[in-house]
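Undergrad: This is the structure I want to talk about, given as structure tokens.
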Amino acid sequence: MSTARQVARERRRKRRMMWGTLTLVAVSVVVCLVMALLPDDKDDTTPAASTTVAAGQADAGKTLSTPSAKVKASPSPSASRSAAASPKPSRTTVKKKPAPAKTTPPANAGSATASLAGRIKSGTDYQGVATAYDAGVGDGACGFGPSPDMMIGAMNTTDYQTARACGAYVHVRAANGRSVTVRITNECPLPCAPGQIDLSQQAFSQLGDLHLGRIAITWNLVSPGNPGTLSVRYKTGSSQYWCGIQILNHRNPVATLEVGTSGGWRQLGRTSYNYFLSTDGNGCGRAIRITDIYGQRLTVNGIAIRPNVVQPTSVQFAQH
């Protein structure tokens, strides 16, 4: 009996040991599977962090080439795309020096001169006759007022051309070899013919005796040496609602006058009495841009609306 019991107990002990061993093996297998499936944080993150630091130290200021480095260097997607797409410097970091202001006439000055000059052109000789008149104090149709000298003349209506000849300096030569340079301040109406200049008596006497009455002449446009600076005058009655602007003491004939407006430069029409009018007041009292027959442009600022007051400037056209 005891032997049978001992055998039964031994069998039960072996079965318990076998089940314990199987359970331990099963648990070990499960643990191994779990450990295999879990991510290895240490192996994954440490190299990436060291790579980023190394890249930052070795290539400071350069665009990183690997995708992970771009993401780390540029947190935002747009910054990353910009760094990847364009390794060139940004346009905002390139500053160009402003070009110096041009003081020379435009390249097409020749064609501009042809269109701006009107009837009286530079480099052209005109044939006509000289007559004489009593010029008084030297005032005339151009509205300049008394002349500082009496070397002046009145241009025939055709060549006067609605005051385009006003202020022009012309060199007049007679057949006897005598000559005089005069400034056009007046208009000689019909029957003055094209090419004719009615000279002040003082100027005529430089060519011949007054009793001659008429002298055949040749004349041409000139650009005097040192006339000083030009001046601006607003017409009597001018205001912010209507104004007339006149240019005085200009070396070369004035072709156009423009005034600055909120919409840009506006060209004013010229009258036969040598004022440029803004009948609606637009541009009155603002910047003035004056162009001569050679295409030179002068801009004048700070001229207030002061009717019938001569206001000097600091500019003058170049000599031609």
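If you're wondering about the labels, chains in the structure tokens are A, B, ... by order shown, residues count from 1 in each chain, ligands from 1 in order shown.
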Which residues come within 8 Å of range 163-165 of chain A, counting only C-alpha atoms, excluding same-chain residues fewer than 6 positions away, as JSON, numbers by chain?

TA: {"A": [118, 120, 142, 155, 184, 253, 254, 255, 270, 271, 272, 273, 274]}

Undergrad: Just all heavy atoms for this one: save the residues we selected as an mmCIF file, in the first residue's frame.

TA:
data_model
loop_
_atom_site.group_PDB
_atom_site.id
_atom_site.type_symbol
_atom_site.label_atom_id
_atom_site.label_comp_id
_atom_site.auth_asym_id
_atom_site.auth_seq_id
_atom_site.Cartn_x
_atom_site.Cartn_y
_atom_site.Cartn_z
ATOM 1 N N GLY A 118 9.676 124.458 -82.660
ATOM 2 C CA GLY A 118 8.762 125.318 -83.417
ATOM 3 C C GLY A 118 9.442 125.863 -84.668
ATOM 4 O O GLY A 118 10.303 125.216 -85.270
ATOM 5 N N ILE A 120 11.517 128.544 -84.949
ATOM 6 C CA ILE A 120 12.889 129.009 -84.748
ATOM 7 C C ILE A 120 13.723 127.865 -84.191
ATOM 8 O O ILE A 120 13.515 127.424 -83.060
ATOM 9 C CB ILE A 120 12.930 130.220 -83.797
ATOM 10 C CG1 ILE A 120 12.052 131.351 -84.345
ATOM 11 C CG2 ILE A 120 14.353 130.703 -83.607
ATOM 12 C CD1 ILE A 120 11.982 132.562 -83.437
ATOM 13 N N CYS A 142 5.477 140.078 -74.834
ATOM 14 C CA CYS A 142 5.918 138.935 -74.013
ATOM 15 C C CYS A 142 5.654 139.165 -72.534
ATOM 16 O O CYS A 142 5.731 138.215 -71.742
ATOM 17 C CB CYS A 142 7.402 138.672 -74.231
ATOM 18 S SG CYS A 142 7.801 138.070 -75.902
ATOM 19 N N MET A 155 9.575 140.155 -82.758
ATOM 20 C CA MET A 155 9.564 139.136 -83.798
ATOM 21 C C MET A 155 8.264 139.206 -84.592
ATOM 22 O O MET A 155 7.195 139.479 -84.034
ATOM 23 C CB MET A 155 9.720 137.745 -83.177
ATOM 24 C CG MET A 155 9.841 136.606 -84.180
ATOM 25 S SD MET A 155 11.309 136.726 -85.218
ATOM 26 C CE MET A 155 12.607 136.349 -84.039
ATOM 27 N N ILE A 184 14.239 138.697 -77.721
ATOM 28 C CA ILE A 184 12.889 138.942 -78.228
ATOM 29 C C ILE A 184 11.956 139.183 -77.048
ATOM 30 O O ILE A 184 11.772 138.309 -76.188
ATOM 31 C CB ILE A 184 12.384 137.768 -79.085
ATOM 32 C CG1 ILE A 184 13.332 137.524 -80.259
ATOM 33 C CG2 ILE A 184 10.961 138.027 -79.560
ATOM 34 C CD1 ILE A 184 13.524 138.718 -81.174
ATOM 35 N N PRO A 253 14.923 129.352 -75.376
ATOM 36 C CA PRO A 253 13.463 129.466 -75.483
ATOM 37 C C PRO A 253 12.748 128.346 -74.731
ATOM 38 O O PRO A 253 13.168 127.190 -74.763
ATOM 39 C CB PRO A 253 13.208 129.365 -76.994
ATOM 40 C CG PRO A 253 14.483 129.828 -77.622
ATOM 41 C CD PRO A 253 15.573 129.351 -76.708
ATOM 42 N N VAL A 254 11.682 128.680 -74.030
ATOM 43 C CA VAL A 254 10.878 127.713 -73.286
ATOM 44 C C VAL A 254 9.904 127.035 -74.247
ATOM 45 O O VAL A 254 9.166 127.709 -74.972
ATOM 46 C CB VAL A 254 10.129 128.387 -72.129
ATOM 47 C CG1 VAL A 254 9.142 127.416 -71.486
ATOM 48 C CG2 VAL A 254 11.111 128.916 -71.093
ATOM 49 N N ALA A 255 9.898 125.718 -74.239
ATOM 50 C CA ALA A 255 8.996 124.961 -75.114
ATOM 51 C C ALA A 255 7.709 124.587 -74.402
ATOM 52 O O ALA A 255 6.618 124.773 -74.941
ATOM 53 C CB ALA A 255 9.692 123.712 -75.636
ATOM 54 N N ARG A 270 -0.239 127.695 -73.582
ATOM 55 C CA ARG A 270 0.453 128.982 -73.600
ATOM 56 C C ARG A 270 -0.383 130.026 -74.321
ATOM 57 O O ARG A 270 -1.026 129.744 -75.333
ATOM 58 C CB ARG A 270 1.798 128.833 -74.310
ATOM 59 C CG ARG A 270 2.754 130.003 -74.140
ATOM 60 C CD ARG A 270 4.088 129.657 -74.769
ATOM 61 N NE ARG A 270 5.175 130.489 -74.283
ATOM 62 C CZ ARG A 270 6.463 130.220 -74.463
ATOM 63 N NH1 ARG A 270 6.817 129.124 -75.135
ATOM 64 N NH2 ARG A 270 7.393 131.024 -73.978
ATOM 65 N N THR A 271 -0.376 131.228 -73.815
ATOM 66 C CA THR A 271 -1.115 132.335 -74.426
ATOM 67 C C THR A 271 -0.173 133.197 -75.265
ATOM 68 O O THR A 271 1.056 133.113 -75.138
ATOM 69 C CB THR A 271 -1.755 133.224 -73.347
ATOM 70 O OG1 THR A 271 -0.716 133.883 -72.605
ATOM 71 C CG2 THR A 271 -2.618 132.398 -72.393
ATOM 72 N N SER A 272 -0.737 134.042 -76.098
ATOM 73 C CA SER A 272 0.073 134.942 -76.923
ATOM 74 C C SER A 272 0.766 136.007 -76.084
ATOM 75 O O SER A 272 1.727 136.633 -76.545
ATOM 76 C CB SER A 272 -0.806 135.612 -77.994
ATOM 77 O OG SER A 272 -1.832 136.373 -77.377
ATOM 78 N N TYR A 273 0.295 136.234 -74.835
ATOM 79 C CA TYR A 273 0.958 137.198 -73.957
ATOM 80 C C TYR A 273 1.933 136.494 -73.004
ATOM 81 O O TYR A 273 2.326 137.046 -71.977
ATOM 82 C CB TYR A 273 -0.062 138.056 -73.198
ATOM 83 C CG TYR A 273 -1.143 137.304 -72.455
ATOM 84 C CD1 TYR A 273 -0.976 136.884 -71.140
ATOM 85 C CD2 TYR A 273 -2.364 137.023 -73.072
ATOM 86 C CE1 TYR A 273 -1.971 136.198 -70.457
ATOM 87 C CE2 TYR A 273 -3.375 136.338 -72.404
ATOM 88 C CZ TYR A 273 -3.161 135.937 -71.093
ATOM 89 O OH TYR A 273 -4.161 135.259 -70.428
ATOM 90 N N ASN A 274 2.304 135.253 -73.345
ATOM 91 C CA ASN A 274 3.427 134.540 -72.727
ATOM 92 C C ASN A 274 3.181 134.095 -71.288
ATOM 93 O O ASN A 274 4.105 134.087 -70.467
ATOM 94 C CB ASN A 274 4.705 135.392 -72.803
ATOM 95 C CG ASN A 274 5.958 134.578 -72.544
ATOM 96 O OD1 ASN A 274 6.029 133.397 -72.879
ATOM 97 N ND2 ASN A 274 6.950 135.204 -71.927
#

Undergrad: Applying 12 Å and only C-alpha atoms, which residues near range 226-231 of chain A remain after dropping the ones on its own chain fewer than 2 positions away? List them as JSON, numbers by chain.

TA: {"A": [144, 148, 167, 169, 183, 223, 224, 233, 234, 245, 246, 247, 248, 249, 250, 251, 252, 253, 254, 288, 290, 298, 299, 300, 301, 303, 308, 309, 310, 311, 312, 313, 314, 315, 316, 317, 318, 319, 320]}

Undergrad: Using DSSP on the backbone coordinates, identify the residues of range 178-259 of chain A assigned to strand (DSSP E); present them as a PyMOL selection string.

TA: chain A and resi 179-188+197-200+215-222+231-234+243-248+254-259

Undergrad: Which value, in Å to one decimal, gives the distance between CA of Thr291 in chain A and CA of Tyr241 in chain A?

TA: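 If I compute the distance from CA of Thr291 in chain A to CA of Tyr241 in chain A, I get 24.3 Å.
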
Undergrad: Would you kindly return, as a count of residues only, each protein, DNA or RNA residue with an atom no farther than 8 Å from any atom of range 211-219 of chain A, considering only C-alpha atoms and excluding same-chain residues fewer than 2 positions away?

TA: 17

Undergrad: What is the distance, in Å and to one decimal place, between CA of Glu258 in chain A and CA of Pro307 in chain A?

TA: 18.4 Å

Undergrad: Using Å and a single decimal, report how far CA of Lys121 in chain A sits from CA of Asp159 in chain A.

TA: 10.6 Å

Undergrad: Can you tell me, as a PyMOL selection string, which residues in range 105-207 of chain A count as helix (DSSP H, G or I) by DSSP?

TA: chain A and resi 109-116+157-160+201-204
